[in-house]
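J.: The structure follows.
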Amino acid sequence: MAMTDEDELEMIFAQARGLRPEPDDDLMARLMADALREMPGTVVAAPRPKPGWRDWMRALGGWPALGGLAAATVAGFWIGLTAPAGVSALAPGLWGEDVSVALGVDEDLLSLLEG
Amino acid sequence: MLDAGPPMTDKLRAMDAEPSPPHDPDGALLVAYANGDAGAARELVARLAPRVLGQAMRMLGDRAEAEDVTQEVLLRLWRVAPDWRQGEARVGTWLFRVTANLCTDRLRKRRRSVAIEDVPEPPDSAPSAGDRMQGEARLHALSEALGQLPERQAQAVALRHLEGLSNPEIAMVMEVGVEAVESLTARGKRALAALLKGRKAELGYGDD
């Protein structure tokens with residue numbers, strides 16, 4: 001027996017009504033992420049990064065402080081290496097007459113070994 | 001012509017059983033969501049996603065597109081949440097409306113790009129699963145035919161025959177009178193029958 005157009009349509013409708021798709025985990029995760037992002041009064045907490053060299057630098061006082069620190073290091077190194085006359089002249093005043101200060105190597109080490 | 005219509009679905013029976021003014025648990029959850037309750041968000045997603053996905057699947061006959069629509073509908077819901085006034089509208093009615101609108105938008109875009117005669121075979125059809133293939137082909141043909149109807153007719157027919165809503169419920173969803181709904185569904189159904197008539201053999205229900 002031939003189906004009427006109406007019957008055919010009802011058959012397709014019934015089939016469509018039987019469709020009950022379940023959202024999968026991926027879709028649910030996307031929907032939940034949207035919901036939380038759009039939720040009024042939500043402050044999205046940014047993950048805290050691990051401390052890196054920038055944090056150490058900031059703790060020391062940033063670039064200006066670091067500049068001073070670098071200058072002091074270089075000056076100290078230079079003083080130690082060249083032993084300017086001013087330093088040995090200052091030493092007796094601080095530690096007494098009989099203190100001799102040798103800041104730097106001004107003798108030939110090889111000659112000491114020979115003697 | 002009188003439409004006998006399909007039997008009511010469970011969710012509609014539940015809807016009808018509620019006294020007036022109807023208590024809308026989804027509305028209460030939405031207000032909680034608007035106040036920053038993440039638990040309400042989770043519950044709303046769990047309750048609403050299957051409903052919206054189902055409606056979109058039945059209208060579009062395409063899983064990927066139905067998922068996109070679901071995401072868009074819920075995104076819109078989150079955005080109206082702060083202005084939601086409980087008691088004025090039901091979340092369920094709102095969802096039916098927005099989902100139907102987004103689906104007919106998609107059907108219209110399809111119509112622009114593909115003529116019905118050129119509709120390709122539905123995707124993911126395993127050659128061995130003959131029955132499933134035919135079932136998918138029917139659903140696909142139904143959504144293509146819905147896309148050929150004027151949008152309001154397509155929405156009314158889908159709400160009536162795919163979602164199983166009563167005419168007064170459709171009137172609320174579509175914000176028109178019940179008489180307008182009756183006219184839209186009757187004309188829409190006739191047009192659908194005519195559109196699908198030419199595809200009998202292809203859809204596997206020829207004279208037998």
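Residue numbering restarts at 1 in every chain; chains get A, B, ... in the order shown in the structure tokens, and ligands count up from 1 in that same order.
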Could you pull the residues within 10 Å of Leu31 of chain A, counting only C-alpha atoms, minus those fewer than 6 positions along the same chain, as a PyMOL selection string?

T.: (chain A and resi 25+37) or (chain B and resi 41-42+45-46+49+67+70-72+74-75)

J.: For a quick test of understanding: name the residues of chain A lying within 7 Å of chain B when counting only C-alpha atoms, and present them as a compact mmCIF listing (two decimals) with N, CA, C and O atoms, in the first residue's frame.

T.:
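Contents of out07.txt, freshly written:
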```
# COMPACT_ATOMS: atom_id res chain seq x y z
N MET A 1 0.85 -1.20 0.00
CA MET A 1 0.00 0.00 0.00
C MET A 1 0.88 1.24 0.00
O MET A 1 1.87 1.31 0.73
N ALA A 2 0.53 2.18 -0.83
CA ALA A 2 1.35 3.39 -0.92
C ALA A 2 1.11 4.30 0.28
O ALA A 2 -0.01 4.40 0.77
N MET A 3 2.20 4.91 0.73
CA MET A 3 2.08 5.86 1.83
C MET A 3 1.63 7.19 1.28
O MET A 3 2.00 7.57 0.18
N ASP A 5 1.60 11.34 1.31
CA ASP A 5 2.64 12.33 1.60
C ASP A 5 2.66 12.69 3.08
O ASP A 5 3.71 12.86 3.68
N GLU A 6 1.45 12.75 3.61
CA GLU A 6 1.30 13.09 5.04
C GLU A 6 1.97 12.04 5.92
O GLU A 6 2.67 12.37 6.87
N LEU A 9 5.71 12.31 5.79
CA LEU A 9 6.18 13.45 6.57
C LEU A 9 6.15 13.12 8.06
O LEU A 9 7.11 13.41 8.79
N ILE A 12 9.08 11.03 9.03
CA ILE A 12 10.33 11.79 9.19
C ILE A 12 10.30 12.61 10.48
O ILE A 12 11.28 12.68 11.22
N PHE A 13 9.15 13.23 10.77
CA PHE A 13 9.02 14.00 12.01
C PHE A 13 9.31 13.10 13.21
O PHE A 13 10.04 13.49 14.13
N ALA A 16 12.90 12.39 13.61
CA ALA A 16 13.63 13.56 14.12
C ALA A 16 13.35 13.74 15.62
O ALA A 16 14.26 14.05 16.38
N ARG A 17 12.11 13.51 16.03
CA ARG A 17 11.77 13.66 17.45
C ARG A 17 12.51 12.64 18.31
O ARG A 17 12.79 12.90 19.47
N LEU A 19 15.46 11.86 18.02
CA LEU A 19 16.87 12.24 18.11
C LEU A 19 17.13 12.92 19.45
O LEU A 19 16.56 13.97 19.75
N ARG A 20 17.96 12.31 20.27
CA ARG A 20 18.26 12.88 21.59
C ARG A 20 19.77 12.93 21.77
O ARG A 20 20.34 12.14 22.51
N PRO A 21 20.42 13.85 21.10
CA PRO A 21 21.89 13.88 21.19
C PRO A 21 22.34 14.34 22.58
O PRO A 21 21.72 15.23 23.17
N GLU A 22 23.38 13.71 23.07
CA GLU A 22 23.97 14.12 24.35
C GLU A 22 25.23 14.93 24.07
O GLU A 22 26.05 14.52 23.25
N PRO A 23 25.37 16.07 24.72
CA PRO A 23 26.60 16.84 24.51
C PRO A 23 27.81 16.05 25.00
O PRO A 23 27.72 15.41 26.05
N LEU A 31 31.27 25.05 26.88
CA LEU A 31 30.12 25.78 27.40
C LEU A 31 30.41 26.31 28.81
O LEU A 31 30.07 27.45 29.15
N MET A 32 31.07 25.48 29.60
CA MET A 32 31.37 25.87 30.98
C MET A 32 32.39 27.01 31.00
O MET A 32 32.27 27.95 31.80
N ASP A 34 32.78 29.27 28.70
CA ASP A 34 32.03 30.48 28.31
C ASP A 34 31.26 31.03 29.51
O ASP A 34 31.27 32.22 29.78
N ALA A 35 30.58 30.11 30.20
CA ALA A 35 29.72 30.53 31.33
C ALA A 35 30.54 31.24 32.39
O ALA A 35 30.15 32.31 32.87
N LEU A 36 31.69 30.68 32.72
CA LEU A 36 32.50 31.28 33.79
C LEU A 36 33.14 32.59 33.33
O LEU A 36 33.26 33.53 34.11
N GLU A 38 31.87 34.68 31.21
CA GLU A 38 30.85 35.73 31.09
C GLU A 38 30.17 36.04 32.42
O GLU A 38 29.36 36.96 32.50
N MET A 39 30.47 35.27 33.46
CA MET A 39 29.73 35.43 34.72
C MET A 39 30.02 36.79 35.33
O MET A 39 31.17 37.18 35.50
N PRO A 40 28.94 37.54 35.66
CA PRO A 40 29.16 38.87 36.24
C PRO A 40 29.93 38.76 37.55
O PRO A 40 29.74 37.83 38.32
N GLY A 41 30.82 39.72 37.74
CA GLY A 41 31.58 39.77 38.99
C GLY A 41 32.70 38.77 39.08
O GLY A 41 33.29 38.59 40.12
N THR A 42 32.97 38.12 37.94
CA THR A 42 34.07 37.15 37.97
C THR A 42 35.39 37.86 37.73
O THR A 42 35.51 38.62 36.78
```

J.: Between atom CA of Ala171 of chain B and atom CA of Arg108 of chain B, what is the spacing in Å?

T.: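 Between these atoms lies a distance of 22.3 Å.
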
J.: So what do you get for atom CA of Val80 of chain B versus atom CA of Leu159 of chain B, distance-wise?

T.: 22.9 Å

J.: Separation of atom CA of Met174 of chain B and atom CA of Asn101 of chain B, in Å?

T.: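 Those two atoms sit 9.5 Å apart.
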